[in-house]
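Each remark here refers to the structure printed beneath this line.
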Amino acid sequence: MIWVSLFWVNFMFKRLNKYVWLMLLTTLLGVSSDFSSSVLTNQVSANKSSSTKQYQKKADKLKIKGKSVKDAKKALKKSSTFKKATIKVTDSNNHDVPSIDSLHINSAKVSTPKFKLDKHGKLKYIYLVTKISPEKVSSAVSSSEAAVSSSKQAAIDKASSESASKAASESQQASISASESQQAATSSQAAAQTPVSTSGYTKDYRGRWHRPNGQYASKVEIAQAGLAW
């Protein structure tokens, strides 16, 4: 009985010991994985930082600072290092500047260039930071929107005025045509009702011929008078 108990205790101890070692190994592997991931992330960040500094040095050689945006873009596009990158213009707070004429973006001075790399560490964007203030951008945007709104309203008013003028003209023309038609019909009716007098014979509105004394004339009389029945 004692031997069985000892065997059971030894068996359980071995199982427990094996479990503890497995837990310890798992923990160590997890820490190692996290450590490796952290090292890799830090290495990527370090590489990007190094690449950005290299781009900055090459841009400094082009003397972009202080140039106009237009001249800075020309210089960058002529460089084999920067020509494939997308160039964006920002205000003094690094916000994109919209293309509004009143901001005179092309003549704005560049205070500093900044660079953004893709996940592979290649140059993707060049930001030309200008001295244009965010307040100026906001004011220009508001003025531009107001001008667009005013232009649209003017176009709507013009179209409405032209439509009303056309409708009035068509109405007037229709009224004139109706009046002329009525006058023509009245004249025609009056002419038809007015007796036609020829050689003493008269023709009433119904086409009947009358003698000078008012009596109806015969076909023979009318023919002898050289008139058409």
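Chain lettering (A, B, ...) mirrors the order of the structure tokens, residue numbering begins at 1 for each chain separately, and ligand numbering begins at 1 in order of display.
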Per residue of segment 62-106 of chain A within 9 Å of segment 130-146 of chain A, note the shortest atom pair and the distance in Å to one decimal, counting only C-alpha atoms, and order the rows by chain and increasing residue number, as a Markdown table.
| residue | atom | partner | partner_atom | distance |
| --- | --- | --- | --- | --- |
| A:Ser68 | CA | A:Thr130 | CA | 8.9 |
| A:Val69 | CA | A:Thr130 | CA | 8.0 |
| A:Val89 | CA | A:Thr130 | CA | 7.2 |
| A:Thr90 | CA | A:Thr130 | CA | 6.1 |
| A:Asp91 | CA | A:Ile132 | CA | 4.9 |
| A:Ser92 | CA | A:Lys131 | CA | 5.1 |
| A:Asn93 | CA | A:Pro134 | CA | 6.9 |
| A:Asn94 | CA | A:Thr130 | CA | 8.4 |
| A:His95 | CA | A:Pro134 | CA | 7.9 |
| A:Val97 | CA | A:Val137 | CA | 7.0 |
| A:Pro98 | CA | A:Val137 | CA | 7.9 |
| A:Ile100 | CA | A:Ala140 | CA | 7.2 |
| A:Asp101 | CA | A:Ala140 | CA | 8.8 |
| A:Ser102 | CA | A:Ala140 | CA | 6.5 |
| A:Leu103 | CA | A:Ala140 | CA | 6.8 |
| A:Ile105 | CA | A:Ile132 | CA | 8.6 |
Go through segment 90-184 of chain A and flag each residue having an atom no more than 12 Å from segment 73-81 of chain A; for those, report the closest pair of atoms plus their distance in Å to one decimal, using only C-alpha atoms, ordered by chain and rising number, as a Markdown table.
| residue | atom | partner | partner_atom | distance |
| --- | --- | --- | --- | --- |
| A:Ile105 | CA | A:Lys73 | CA | 11.7 |
| A:Asn106 | CA | A:Lys73 | CA | 9.2 |
| A:Ser107 | CA | A:Lys73 | CA | 11.4 |
| A:Ala108 | CA | A:Lys73 | CA | 11.9 |
| A:Lys109 | CA | A:Lys73 | CA | 11.7 |
| A:Val110 | CA | A:Lys73 | CA | 10.3 |
| A:Pro113 | CA | A:Leu76 | CA | 10.6 |
| A:Lys122 | CA | A:Thr81 | CA | 10.4 |
| A:Leu123 | CA | A:Thr81 | CA | 8.7 |
| A:Lys124 | CA | A:Thr81 | CA | 11.2 |
| A:Tyr125 | CA | A:Leu76 | CA | 11.7 |
| A:Ile126 | CA | A:Leu76 | CA | 9.3 |
| A:Tyr127 | CA | A:Lys73 | CA | 10.6 |
| A:Leu128 | CA | A:Lys73 | CA | 8.8 |
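Counting only C-alpha atoms and comparing A:Leu62, A:Trp209, A:Ala85, A:Gly121, the residue that lies closest to Ser50 of chain A is A:Gly121.
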Open item on the list: Please extract the residues of segment 83-212 of chain A with a backbone DSSP assignment of strand (DSSP E) and present them as JSON, numbers by chain.
Closed with: {"A": [86, 87, 88, 89, 90, 110, 111, 112, 113, 114, 115, 116, 117, 123, 124, 125, 126, 127, 128, 129, 130, 196, 197, 198, 201, 202, 203, 209, 210]}
